[in-house]
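input-v4.pdb (PDB, C-alpha atoms) appears below.
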ATOM      1  CA  MET A 270     -72.475  69.123 -39.166  1.00  0.00           C
ATOM      2  CA  LEU A 271     -75.527  68.960 -36.927  1.00  0.00           C
ATOM      3  CA  THR A 272     -77.840  69.292 -39.949  1.00  0.00           C
ATOM      4  CA  HIS A 273     -76.006  66.452 -41.691  1.00  0.00           C
ATOM      5  CA  THR A 274     -76.292  64.241 -38.599  1.00  0.00           C
ATOM      6  CA  ILE A 275     -80.007  64.926 -38.198  1.00  0.00           C
ATOM      7  CA  LEU A 276     -80.620  64.260 -41.901  1.00  0.00           C
ATOM      8  CA  PHE A 277     -78.634  61.008 -41.714  1.00  0.00           C
ATOM      9  CA  LEU A 278     -80.534  59.873 -38.642  1.00  0.00           C
ATOM     10  CA  ALA A 279     -83.844  60.677 -40.326  1.00  0.00           C
ATOM     11  CA  LEU A 280     -82.873  58.745 -43.445  1.00  0.00           C
ATOM     12  CA  SER A 281     -81.415  55.788 -41.566  1.00  0.00           C
ATOM     13  CA  SER A 282     -84.607  55.305 -39.544  1.00  0.00           C
ATOM     14  CA  ASP A 283     -86.702  55.235 -42.730  1.00  0.00           C
ATOM     15  CA  PRO A 284     -87.451  51.580 -43.575  1.00  0.00           C
ATOM     16  CA  ALA A 285     -87.129  52.415 -47.292  1.00  0.00           C
ATOM     17  CA  PHE A 286     -83.610  53.806 -46.800  1.00  0.00           C
ATOM     18  CA  GLN A 287     -81.019  51.564 -48.412  1.00  0.00           C
ATOM     19  CA  PRO A 288     -77.421  52.312 -47.450  1.00  0.00           C
ATOM     20  CA  PRO A 289     -75.082  52.477 -50.412  1.00  0.00           C
ATOM     21  CA  PRO A 290     -73.080  49.370 -51.285  1.00  0.00           C
ATOM     22  CA  VAL A 291     -69.586  49.136 -49.857  1.00  0.00           C
ATOM     23  CA  ALA A 292     -66.860  47.648 -52.024  1.00  0.00           C
ATOM     24  CA  VAL A 293     -63.309  46.788 -51.015  1.00  0.00           C
ATOM     25  CA  ALA A 294     -60.466  45.274 -52.991  1.00  0.00           C
ATOM     26  CA  ASP A 295     -56.841  44.370 -52.531  1.00  0.00           C
ATOM     27  CA  GLU A 296     -54.005  42.232 -53.832  1.00  0.00           C
ATOM     28  CA  TYR A 297     -51.705  39.780 -52.124  1.00  0.00           C
ATOM     29  CA  ILE A 298     -49.178  37.057 -52.876  1.00  0.00           C
ATOM     30  CA  SER A 299     -50.527  33.601 -52.030  1.00  0.00           C
ATOM     31  CA  PRO A 300     -48.410  31.075 -50.082  1.00  0.00           C
ATOM     32  CA  GLU A 301     -47.774  29.370 -53.455  1.00  0.00           C
ATOM     33  CA  GLY A 302     -46.335  32.650 -54.808  1.00  0.00           C
ATOM     34  CA  HIS A 303     -49.295  33.665 -57.019  1.00  0.00           C
ATOM     35  CA  ARG A 304     -50.292  37.295 -57.343  1.00  0.00           C
ATOM     36  CA  THR A 305     -53.936  37.384 -56.298  1.00  0.00           C
ATOM     37  CA  ARG A 306     -56.628  40.006 -56.622  1.00  0.00           C
ATOM     38  CA  TRP A 307     -59.874  40.035 -54.651  1.00  0.00           C
ATOM     39  CA  ALA A 308     -62.884  42.293 -54.356  1.00  0.00           C
ATOM     40  CA  SER A 309     -66.048  42.228 -52.324  1.00  0.00           C
ATOM     41  CA  VAL A 310     -69.226  44.263 -52.263  1.00  0.00           C
ATOM     42  CA  THR A 311     -71.677  44.358 -49.372  1.00  0.00           C
ATOM     43  CA  TYR A 312     -75.186  45.645 -50.044  1.00  0.00           C
ATOM     44  CA  THR A 313     -78.694  45.578 -48.609  1.00  0.00           C
ATOM     45  CA  LEU A 314     -81.380  43.455 -50.226  1.00  0.00           C
ATOM     46  CA  PRO A 315     -84.929  44.812 -50.622  1.00  0.00           C
ATOM     47  CA  ASP A 316     -86.048  42.744 -47.607  1.00  0.00           C
ATOM     48  CA  GLY A 317     -83.329  44.320 -45.427  1.00  0.00           C
ATOM     49  CA  GLN A 318     -80.937  41.343 -45.355  1.00  0.00           C
ATOM     50  CA  ILE A 319     -77.250  41.985 -45.999  1.00  0.00           C
ATOM     51  CA  ALA A 320     -75.636  40.307 -49.010  1.00  0.00           C
ATOM     52  CA  GLU A 321     -71.984  40.083 -49.983  1.00  0.00           C
ATOM     53  CA  VAL A 322     -70.414  38.950 -53.247  1.00  0.00           C
ATOM     54  CA  VAL A 323     -66.702  38.125 -53.277  1.00  0.00           C
ATOM     55  CA  MET A 324     -64.454  37.446 -56.276  1.00  0.00           C
ATOM     56  CA  ILE A 325     -60.872  36.173 -56.011  1.00  0.00           C
ATOM     57  CA  ALA A 326     -58.573  35.405 -58.960  1.00  0.00           C
ATOM     58  CA  ASP A 327     -54.835  34.995 -59.453  1.00  0.00           C
ATOM     59  CA  ASP A 328     -52.113  35.016 -62.071  1.00  0.00           C
ATOM     60  CA  ALA A 329     -52.414  31.234 -62.486  1.00  0.00           C
ATOM     61  CA  ASN A 330     -55.811  31.839 -64.153  1.00  0.00           C
ATOM     62  CA  ARG A 331     -57.840  30.411 -61.266  1.00  0.00           C
ATOM     63  CA  GLY A 332     -60.056  31.649 -58.480  1.00  0.00           C
ATOM     64  CA  ASP A 333     -63.280  31.600 -56.509  1.00  0.00           C
ATOM     65  CA  GLY A 334     -66.558  33.471 -56.237  1.00  0.00           C
ATOM     66  CA  TYR A 335     -68.894  33.510 -53.244  1.00  0.00           C
ATOM     67  CA  VAL A 336     -72.354  34.835 -52.450  1.00  0.00           C
ATOM     68  CA  TYR A 337     -73.245  35.325 -48.790  1.00  0.00           C
ATOM     69  CA  VAL A 338     -76.541  36.413 -47.255  1.00  0.00           C
ATOM     70  CA  GLU A 339     -76.512  37.404 -43.602  1.00  0.00           C
ATOM     71  CA  GLY A 340     -72.998  35.922 -43.325  1.00  0.00           C
ATOM     72  CA  GLU A 341     -74.004  32.462 -44.585  1.00  0.00           C
ATOM     73  CA  ALA A 342     -72.547  31.153 -47.850  1.00  0.00           C
ATOM     74  CA  VAL A 343     -75.336  30.362 -50.307  1.00  0.00           C
ATOM     75  CA  VAL A 344     -73.303  29.989 -53.532  1.00  0.00           C
ATOM     76  CA  HIS A 345     -69.662  29.161 -54.324  1.00  0.00           C
ATOM     77  CA  SER A 346     -67.893  28.794 -57.642  1.00  0.00           C
ATOM     78  CA  SER A 347     -64.290  27.879 -58.350  1.00  0.00           C
ATOM     79  CA  TRP A 348     -62.337  27.836 -61.596  1.00  0.00           C
ATOM     80  CA  ASN A 349     -58.987  26.534 -62.784  1.00  0.00           C
ATOM     81  CA  GLU A 350     -57.788  25.612 -66.260  1.00  0.00           C
ATOM     82  CA  THR A 351     -57.289  21.923 -65.542  1.00  0.00           C
ATOM     83  CA  GLY A 352     -60.476  21.274 -63.563  1.00  0.00           C
ATOM     84  CA  GLY A 353     -62.844  23.807 -65.122  1.00  0.00           C
ATOM     85  CA  VAL A 354     -65.712  25.353 -63.196  1.00  0.00           C
ATOM     86  CA  HIS A 355     -67.095  23.763 -60.040  1.00  0.00           C
ATOM     87  CA  THR A 356     -70.100  25.148 -58.204  1.00  0.00           C
ATOM     88  CA  TRP A 357     -71.780  24.603 -54.886  1.00  0.00           C
ATOM     89  CA  THR A 358     -75.171  25.812 -53.684  1.00  0.00           C
ATOM     90  CA  SER A 359     -76.329  25.662 -50.091  1.00  0.00           C
ATOM     91  CA  SER A 360     -79.071  23.167 -49.325  1.00  0.00           C
ATOM     92  CA  ALA A 361     -80.170  25.103 -46.235  1.00  0.00           C
ATOM     93  CA  PRO A 362     -83.864  25.998 -46.150  1.00  0.00           C
ATOM     94  CA  GLY A 363     -84.462  29.277 -47.974  1.00  0.00           C
ATOM     95  CA  ALA A 364     -80.955  29.407 -49.482  1.00  0.00           C
ATOM     96  CA  SER A 365     -82.253  29.283 -53.064  1.00  0.00           C
ATOM     97  CA  ALA A 366     -84.470  32.319 -52.461  1.00  0.00           C
ATOM     98  CA  GLN A 367     -81.561  34.119 -50.791  1.00  0.00           C
ATOM     99  CA  ALA A 368     -79.240  33.337 -53.725  1.00  0.00           C
ATOM    100  CA  LEU A 369     -81.834  34.609 -56.176  1.00  0.00           C
ATOM    101  CA  ALA A 370     -82.410  37.811 -54.171  1.00  0.00           C
ATOM    102  CA  ALA A 371     -78.677  38.480 -53.769  1.00  0.00           C
ATOM    103  CA  LEU A 372     -77.835  37.911 -57.414  1.00  0.00           C
ATOM    104  CA  THR A 373     -80.800  39.756 -58.925  1.00  0.00           C
ATOM    105  CA  SER A 374     -80.135  42.734 -56.624  1.00  0.00           C
ATOM    106  CA  LEU A 375     -76.504  42.988 -57.743  1.00  0.00           C
ATOM    107  CA  PRO A 376     -76.812  44.667 -61.185  1.00  0.00           C
ATOM    108  CA  GLY A 377     -76.663  48.418 -60.883  1.00  0.00           C
ATOM    109  CA  GLU A 378     -74.868  50.294 -58.142  1.00  0.00           C
ATOM    110  CA  ALA A 379     -73.685  47.250 -56.138  1.00  0.00           C
ATOM    111  CA  GLY A 380     -72.466  45.394 -59.224  1.00  0.00           C
ATOM    112  CA  ASP A 381     -70.763  48.482 -60.624  1.00  0.00           C
ATOM    113  CA  GLU A 382     -68.990  48.939 -57.285  1.00  0.00           C
ATOM    114  CA  LEU A 383     -67.861  45.285 -57.263  1.00  0.00           C
ATOM    115  CA  PHE A 384     -66.522  45.247 -60.808  1.00  0.00           C
ATOM    116  CA  ASP A 385     -64.932  48.704 -60.498  1.00  0.00           C
ATOM    117  CA  ALA A 386     -63.154  47.594 -57.314  1.00  0.00           C
ATOM    118  CA  PHE A 387     -62.081  44.296 -58.866  1.00  0.00           C
ATOM    119  CA  THR A 388     -60.549  46.012 -61.890  1.00  0.00           C
ATOM    120  CA  THR A 389     -59.002  49.062 -60.208  1.00  0.00           C
ATOM    121  CA  ASP A 390     -56.484  50.827 -62.447  1.00  0.00           C
ATOM    122  CA  SER A 391     -58.207  49.063 -65.303  1.00  0.00           C
ATOM    123  CA  GLU A 392     -55.958  50.339 -68.118  1.00  0.00           C
ATOM    124  CA  ALA A 393     -52.728  49.162 -66.520  1.00  0.00           C
ATOM    125  CA  PHE A 394     -54.420  46.114 -65.045  1.00  0.00           C
ATOM    126  CA  LYS A 395     -56.102  44.834 -68.205  1.00  0.00           C
ATOM    127  CA  CYS A 396     -52.935  45.217 -70.272  1.00  0.00           C
ATOM    128  CA  SER A 397     -50.685  43.312 -67.877  1.00  0.00           C
ATOM    129  CA  GLU A 398     -50.143  39.570 -68.231  1.00  0.00           C
ATOM    130  CA  TRP A 399     -51.371  38.910 -64.728  1.00  0.00           C
ATOM    131  CA  GLY A 400     -54.418  41.145 -65.270  1.00  0.00           C
ATOM    132  CA  LYS A 401     -55.363  39.219 -68.403  1.00  0.00           C
ATOM    133  CA  LYS A 402     -55.225  35.956 -66.445  1.00  0.00           C
ATOM    134  CA  VAL A 403     -57.236  37.412 -63.563  1.00  0.00           C
ATOM    135  CA  LEU A 404     -59.899  38.772 -65.920  1.00  0.00           C
ATOM    136  CA  ASN A 405     -60.078  35.501 -67.830  1.00  0.00           C
ATOM    137  CA  ALA A 406     -60.559  33.553 -64.607  1.00  0.00           C
ATOM    138  CA  SER A 407     -63.112  36.080 -63.344  1.00  0.00           C
ATOM    139  CA  ARG A 408     -65.371  35.478 -66.341  1.00  0.00           C
ATOM    140  CA  TYR A 409     -65.495  31.749 -65.576  1.00  0.00           C
ATOM    141  CA  ILE A 410     -65.962  32.426 -61.870  1.00  0.00           C
ATOM    142  CA  TRP A 411     -68.857  34.788 -62.587  1.00  0.00           C
ATOM    143  CA  ALA A 412     -70.487  32.263 -64.937  1.00  0.00           C
ATOM    144  CA  GLY A 413     -70.158  29.623 -62.215  1.00  0.00           C
ATOM    145  CA  VAL A 414     -71.685  31.857 -59.543  1.00  0.00           C
ATOM    146  CA  VAL A 415     -74.651  32.652 -61.768  1.00  0.00           C
ATOM    147  CA  GLY A 416     -74.969  28.999 -62.835  1.00  0.00           C
ATOM    148  CA  ALA A 417     -75.043  27.907 -59.207  1.00  0.00           C
ATOM    149  CA  GLY A 418     -77.718  30.527 -58.578  1.00  0.00           C
ATOM    150  CA  MET A 419     -79.755  29.087 -61.456  1.00  0.00           C
ATOM    151  CA  ALA A 420     -79.384  25.621 -59.990  1.00  0.00           C
ATOM    152  CA  ALA A 421     -80.605  26.958 -56.647  1.00  0.00           C
ATOM    153  CA  CYS A 422     -83.659  28.457 -58.359  1.00  0.00           C
ATOM    154  CA  CYS A 423     -84.562  25.246 -60.115  1.00  0.00           C
ATOM    155  CA  VAL A 424     -83.687  22.731 -57.392  1.00  0.00           C
ATOM    156  CA  ALA A 425     -87.282  22.690 -56.175  1.00  0.00           C
ATOM    157  CA  GLY A 426     -88.564  22.446 -59.747  1.00  0.00           C
ATOM    158  CA  GLY A 427     -91.949  23.769 -60.722  1.00  0.00           C
ATOM    159  CA  PRO A 428     -93.008  26.718 -62.838  1.00  0.00           C
ATOM    160  CA  ALA A 429     -90.792  29.252 -61.024  1.00  0.00           C
ATOM    161  CA  CYS A 430     -87.643  27.656 -62.457  1.00  0.00           C
ATOM    162  CA  ILE A 431     -87.900  29.185 -65.944  1.00  0.00           C
ATOM    163  CA  PRO A 432     -88.499  32.851 -64.955  1.00  0.00           C
ATOM    164  CA  CYS A 433     -85.898  32.552 -62.198  1.00  0.00           C
ATOM    165  CA  ALA A 434     -83.313  31.109 -64.571  1.00  0.00           C
ATOM    166  CA  GLY A 435     -84.182  33.761 -67.151  1.00  0.00           C
ATOM    167  CA  GLY A 436     -83.677  36.540 -64.623  1.00  0.00           C
ATOM    168  CA  LEU A 437     -80.329  35.116 -63.589  1.00  0.00           C
ATOM    169  CA  ALA A 438     -79.278  34.749 -67.235  1.00  0.00           C
ATOM    170  CA  ALA A 439     -79.670  38.532 -67.485  1.00  0.00           C
ATOM    171  CA  VAL A 440     -77.538  38.916 -64.347  1.00  0.00           C
ATOM    172  CA  GLY A 441     -74.927  36.651 -65.948  1.00  0.00           C
ATOM    173  CA  LEU A 442     -74.829  38.812 -69.062  1.00  0.00           C
ATOM    174  CA  TYR A 443     -74.527  41.953 -66.945  1.00  0.00           C
ATOM    175  CA  GLY A 444     -71.444  40.619 -65.146  1.00  0.00           C
ATOM    176  CA  ASP A 445     -69.934  39.224 -68.321  1.00  0.00           C
ATOM    177  CA  ASP A 446     -70.380  42.608 -70.024  1.00  0.00           C
ATOM    178  CA  GLN A 447     -68.714  44.349 -67.075  1.00  0.00           C
ATOM    179  CA  LEU A 448     -65.731  41.982 -67.114  1.00  0.00           C
ATOM    180  CA  THR A 449     -65.445  41.967 -70.912  1.00  0.00           C
ATOM    181  CA  ASP A 450     -65.472  45.782 -71.022  1.00  0.00           C
ATOM    182  CA  TYR A 451     -62.515  45.794 -68.647  1.00  0.00           C
ATOM    183  CA  GLY A 452     -60.747  42.948 -70.380  1.00  0.00           C
ATOM    184  CA  GLU A 453     -60.689  44.409 -73.880  1.00  0.00           C
TER     185      GLU A 453
END
Here is the file; what I need is its structure written in the form of structure tokens.
Amino acid sequence: MLTHTILFLALSSDPAFQPPPVAVADEYISPEGHRTRWASVTYTLPDGQIAEVVMIADDANRGDGYVYVEGEAVVHSSWNETGGVHTWTSSAPGASAQALAALTSLPGEAGDELFDAFTTDSEAFKCSEWGKKVLNASRYIWAGVVGAGMAACCVAGGPACIPCAGGLAAVGLYGDDQLTDYGE
């Protein structure tokens, strides 16, 4: 135990040490009576800031997605069948760079943790009627989150818009592939 503690302390004091992402998920019944699933992943960005991505969807085929950096919301997306996708991006100074960093750092271990947590018990979940609605909504929510991130990249204009948007398009495809794999 002492060796493990010393090794952990040595690793945690190393500036290059990145703690593993932490994902949590749960279900609840909303006040309106809708079965709701949510998942969140918290992970460290290359610059040391803490990011969190949250996805929430229910059996009414609607939901929300959020991206936080250091506890501040930088991107929000909501979806419902009647209103479609709505997005919001923070106008706070530096929020566009934070959104880009959080979203481009998600594919890989943090993203896998998020999507695995969101689709726990995937076989039973994806075959159920409520699971199909949740997964359908989650695809729109994910597209909205990535779209809002693209808007944040390009809000200032200039030559950085195209590579930024291209990078986030890849992130969008990553998430869509993850959700489609679970939903089929």
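Pairwise distance (CA of Ala366 (chain A), CA of Met419 (chain A)) equals 10.7 Å.
CA of Val403 (chain A) sits 9.3 Å away from CA of Arg304 (chain A).
Between CA of Phe387 (chain A) and CA of Ser374 (chain A) the separation is 18.3 Å.
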Quick one: apply the PyMOL selection byres ((chain A and resi 433) around 10) to the file and drop the selected residues here as a ChimeraX atom specification.
/A:366,369,373,418-423,428-432,434-438
Env of Tyr297 (chain A): 10 Å cut, atoms = all atoms listed in the file, seq-sep filter 6 positions within chain, self excluded. Answer as a PDB file with C-alpha atoms, in the coordinates of the input.
ATOM      1  CA  HIS A 303     -49.295  33.665 -57.019  1.00  0.00           C
ATOM      2  CA  ARG A 304     -50.292  37.295 -57.343  1.00  0.00           C
ATOM      3  CA  THR A 305     -53.936  37.384 -56.298  1.00  0.00           C
ATOM      4  CA  ARG A 306     -56.628  40.006 -56.622  1.00  0.00           C
ATOM      5  CA  TRP A 307     -59.874  40.035 -54.651  1.00  0.00           C
ATOM      6  CA  ASP A 327     -54.835  34.995 -59.453  1.00  0.00           C
TER       7      ASP A 327
END
So which residues fall inside 10 Å of (-77.2, 37.6, -66.2) if we count all atoms listed in the file? Mind giving them as JSON, numbers by chain?
{"A": [372, 373, 376, 411, 412, 415, 416, 434, 435, 436, 437, 438, 439, 440, 441, 442, 443, 444, 445, 446]}
Residues as selected, C-alpha atoms, written as an mmCIF file, in the frame of the given file, can you do that?
data_model
loop_
_atom_site.group_PDB
_atom_site.id
_atom_site.type_symbol
_atom_site.label_atom_id
_atom_site.label_comp_id
_atom_site.auth_asym_id
_atom_site.auth_seq_id
_atom_site.Cartn_x
_atom_site.Cartn_y
_atom_site.Cartn_z
ATOM 1 C CA LEU A 372 -77.835 37.911 -57.414
ATOM 2 C CA THR A 373 -80.800 39.756 -58.925
ATOM 3 C CA PRO A 376 -76.812 44.667 -61.185
ATOM 4 C CA TRP A 411 -68.857 34.788 -62.587
ATOM 5 C CA ALA A 412 -70.487 32.263 -64.937
ATOM 6 C CA VAL A 415 -74.651 32.652 -61.768
ATOM 7 C CA GLY A 416 -74.969 28.999 -62.835
ATOM 8 C CA ALA A 434 -83.313 31.109 -64.571
ATOM 9 C CA GLY A 435 -84.182 33.761 -67.151
ATOM 10 C CA GLY A 436 -83.677 36.540 -64.623
ATOM 11 C CA LEU A 437 -80.329 35.116 -63.589
ATOM 12 C CA ALA A 438 -79.278 34.749 -67.235
ATOM 13 C CA ALA A 439 -79.670 38.532 -67.485
ATOM 14 C CA VAL A 440 -77.538 38.916 -64.347
ATOM 15 C CA GLY A 441 -74.927 36.651 -65.948
ATOM 16 C CA LEU A 442 -74.829 38.812 -69.062
ATOM 17 C CA TYR A 443 -74.527 41.953 -66.945
ATOM 18 C CA GLY A 444 -71.444 40.619 -65.146
ATOM 19 C CA ASP A 445 -69.934 39.224 -68.321
ATOM 20 C CA ASP A 446 -70.380 42.608 -70.024
#
Would you kindly return, as a PyMOL selection string, each protein, DNA or RNA residue with an atom no farther than 8 Å from any atom of Phe384 (chain A), considering all atoms listed in the file and excluding same-chain residues fewer than 5 positions away?
chain A and resi 308+447-448
Generate the output file for the selected residues, C-alpha atoms, as an mmCIF file, in the coordinates of the input.
data_model
loop_
_atom_site.group_PDB
_atom_site.id
_atom_site.type_symbol
_atom_site.label_atom_id
_atom_site.label_comp_id
_atom_site.auth_asym_id
_atom_site.auth_seq_id
_atom_site.Cartn_x
_atom_site.Cartn_y
_atom_site.Cartn_z
ATOM 1 C CA ALA A 308 -62.884 42.293 -54.356
ATOM 2 C CA GLN A 447 -68.714 44.349 -67.075
ATOM 3 C CA LEU A 448 -65.731 41.982 -67.114
#
Evaluating the PyMOL selection byres ((chain A and resi 359) around 10) on the displayed file yields which residues, as an MDAnalysis selection string?
chainID A and resid 341:345 357:358 360:365 367:368 417:418 421
Residues within 6 Å of Ala292 (chain A), only C-alpha atoms, excluding chain neighbours under 3 positions, as a list in words:
Ser309, Val310, Glu382 and Leu383 of chain A
Box in all listed atoms of region 379-383 of chain A, axis-aligned, with 5 Å more on each side; write out centre and edge lengths in Å to one decimal as AutoDock Vina command-line options.
--center_x -70.8 --center_y 47.1 --center_z -58.4 --size_x 15.8 --size_y 13.7 --size_z 14.5
I need the residue set behind the PyMOL selection byres ((chain A and resi 349) around 7) for this file; please write it as a ChimeraX atom specification.
/A:330-332,348,350-354
When you look at Ser347 (chain A) with a cut-off of 7 Å (counting all atoms listed in the file), what residues show up, excluding the ones that are within fewer than 5 positions of it in the same chain? I need them as a PDB file with C-alpha atoms, in the coordinates of the input.
ATOM      1  CA  GLY A 332     -60.056  31.649 -58.480  1.00  0.00           C
ATOM      2  CA  ASP A 333     -63.280  31.600 -56.509  1.00  0.00           C
ATOM      3  CA  GLY A 334     -66.558  33.471 -56.237  1.00  0.00           C
ATOM      4  CA  VAL A 354     -65.712  25.353 -63.196  1.00  0.00           C
ATOM      5  CA  HIS A 355     -67.095  23.763 -60.040  1.00  0.00           C
ATOM      6  CA  THR A 356     -70.100  25.148 -58.204  1.00  0.00           C
ATOM      7  CA  ILE A 410     -65.962  32.426 -61.870  1.00  0.00           C
TER       8      ILE A 410
END
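With all atoms listed in the file as the atoms that count, the residue of A:Ile319, A:Gly340, A:Thr389, A:Lys395 with the shortest distance to Val293 (chain A) is A:Thr389.
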Using only C-alpha atoms, which of the listed residues (A:Ala386, A:Leu375, A:Ala329, A:Tyr335) sits closest to Lys402 (chain A)?
A:Ala329
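Taking all atoms listed in the file into account, Val336 (chain A) lies nearest to A:Thr311 out of the set A:Thr449, A:Thr388, A:Thr311, A:Ser407.
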Nearest to Asp328 (chain A), chosen from A:Glu296, A:Asp316, A:Asp381, A:Glu398, with only C-alpha atoms counted in the distances
A:Glu398
For region 333-399 of chain A in the structure I just supplied, write out C-alpha atoms - as a PDB file, in the first residue's frame.
ATOM      1  CA  ASP A 333     -30.000  18.512 -23.465  1.00  0.00           C
ATOM      2  CA  GLY A 334     -26.233  18.495 -23.818  1.00  0.00           C
ATOM      3  CA  TYR A 335     -23.782  20.743 -21.987  1.00  0.00           C
ATOM      4  CA  VAL A 336     -20.065  21.466 -22.108  1.00  0.00           C
ATOM      5  CA  TYR A 337     -18.486  23.051 -19.038  1.00  0.00           C
ATOM      6  CA  VAL A 338     -14.914  24.219 -18.518  1.00  0.00           C
ATOM      7  CA  GLU A 339     -13.847  25.021 -14.976  1.00  0.00           C
ATOM      8  CA  GLY A 340     -17.524  24.872 -13.936  1.00  0.00           C
ATOM      9  CA  GLU A 341     -18.682  27.495 -16.455  1.00  0.00           C
ATOM     10  CA  ALA A 342     -21.100  26.503 -19.225  1.00  0.00           C
ATOM     11  CA  VAL A 343     -19.559  27.208 -22.627  1.00  0.00           C
ATOM     12  CA  VAL A 344     -21.965  25.248 -24.872  1.00  0.00           C
ATOM     13  CA  HIS A 345     -25.575  24.056 -24.534  1.00  0.00           C
ATOM     14  CA  SER A 346     -27.772  22.160 -26.953  1.00  0.00           C
ATOM     15  CA  SER A 347     -31.382  21.089 -26.580  1.00  0.00           C
ATOM     16  CA  TRP A 348     -33.553  18.891 -28.773  1.00  0.00           C
ATOM     17  CA  ASN A 349     -37.228  18.023 -29.032  1.00  0.00           C
ATOM     18  CA  GLU A 350     -39.261  16.736 -31.962  1.00  0.00           C
ATOM     19  CA  THR A 351     -41.490  19.787 -32.269  1.00  0.00           C
ATOM     20  CA  GLY A 352     -38.844  22.492 -31.845  1.00  0.00           C
ATOM     21  CA  GLY A 353     -35.782  20.766 -33.294  1.00  0.00           C
ATOM     22  CA  VAL A 354     -32.269  21.564 -32.137  1.00  0.00           C
ATOM     23  CA  HIS A 355     -31.441  24.790 -30.318  1.00  0.00           C
ATOM     24  CA  THR A 356     -27.910  25.734 -29.339  1.00  0.00           C
ATOM     25  CA  TRP A 357     -26.264  28.321 -27.163  1.00  0.00           C
ATOM     26  CA  THR A 358     -22.600  29.286 -26.935  1.00  0.00           C
ATOM     27  CA  SER A 359     -21.142  31.462 -24.213  1.00  0.00           C
ATOM     28  CA  SER A 360     -20.022  34.922 -25.263  1.00  0.00           C
ATOM     29  CA  ALA A 361     -17.606  35.189 -22.332  1.00  0.00           C
ATOM     30  CA  PRO A 362     -14.027  36.040 -23.294  1.00  0.00           C
ATOM     31  CA  GLY A 363     -12.104  32.871 -24.125  1.00  0.00           C
ATOM     32  CA  ALA A 364     -15.214  30.655 -24.177  1.00  0.00           C
ATOM     33  CA  SER A 365     -14.753  29.718 -27.843  1.00  0.00           C
ATOM     34  CA  ALA A 366     -11.216  28.477 -27.174  1.00  0.00           C
ATOM     35  CA  GLN A 367     -12.455  26.572 -24.120  1.00  0.00           C
ATOM     36  CA  ALA A 368     -15.271  24.948 -26.131  1.00  0.00           C
ATOM     37  CA  LEU A 369     -12.817  23.930 -28.832  1.00  0.00           C
ATOM     38  CA  ALA A 370     -10.350  22.495 -26.291  1.00  0.00           C
ATOM     39  CA  ALA A 371     -13.069  20.594 -24.410  1.00  0.00           C
ATOM     40  CA  LEU A 372     -14.644  19.099 -27.508  1.00  0.00           C
ATOM     41  CA  THR A 373     -11.433  18.190 -29.336  1.00  0.00           C
ATOM     42  CA  SER A 374     -10.077  16.550 -26.161  1.00  0.00           C
ATOM     43  CA  LEU A 375     -13.166  14.354 -25.788  1.00  0.00           C
ATOM     44  CA  PRO A 376     -12.573  11.631 -28.433  1.00  0.00           C
ATOM     45  CA  GLY A 377     -10.696   8.710 -26.975  1.00  0.00           C
ATOM     46  CA  GLU A 378     -10.792   7.675 -23.345  1.00  0.00           C
ATOM     47  CA  ALA A 379     -13.056  10.495 -22.077  1.00  0.00           C
ATOM     48  CA  GLY A 380     -15.531  10.115 -24.937  1.00  0.00           C
ATOM     49  CA  ASP A 381     -15.570   6.333 -24.636  1.00  0.00           C
ATOM     50  CA  GLU A 382     -16.294   6.703 -20.916  1.00  0.00           C
ATOM     51  CA  LEU A 383     -19.142   9.160 -21.605  1.00  0.00           C
ATOM     52  CA  PHE A 384     -20.842   7.079 -24.277  1.00  0.00           C
ATOM     53  CA  ASP A 385     -20.325   3.801 -22.391  1.00  0.00           C
ATOM     54  CA  ALA A 386     -21.895   5.349 -19.282  1.00  0.00           C
ATOM     55  CA  PHE A 387     -24.758   6.854 -21.274  1.00  0.00           C
ATOM     56  CA  THR A 388     -25.623   3.525 -22.887  1.00  0.00           C
ATOM     57  CA  THR A 389     -25.067   1.190 -19.925  1.00  0.00           C
ATOM     58  CA  ASP A 390     -26.610  -2.242 -20.478  1.00  0.00           C
ATOM     59  CA  SER A 391     -26.534  -1.376 -24.150  1.00  0.00           C
ATOM     60  CA  GLU A 392     -28.197  -4.560 -25.456  1.00  0.00           C
ATOM     61  CA  ALA A 393     -31.269  -4.255 -23.256  1.00  0.00           C
ATOM     62  CA  PHE A 394     -31.207  -0.476 -23.475  1.00  0.00           C
ATOM     63  CA  LYS A 395     -30.960  -0.148 -27.254  1.00  0.00           C
ATOM     64  CA  CYS A 396     -33.742  -2.670 -27.845  1.00  0.00           C
ATOM     65  CA  SER A 397     -36.246  -1.029 -25.507  1.00  0.00           C
ATOM     66  CA  GLU A 398     -38.707   1.575 -26.763  1.00  0.00           C
ATOM     67  CA  TRP A 399     -37.470   4.148 -24.299  1.00  0.00           C
TER      68      TRP A 399
END
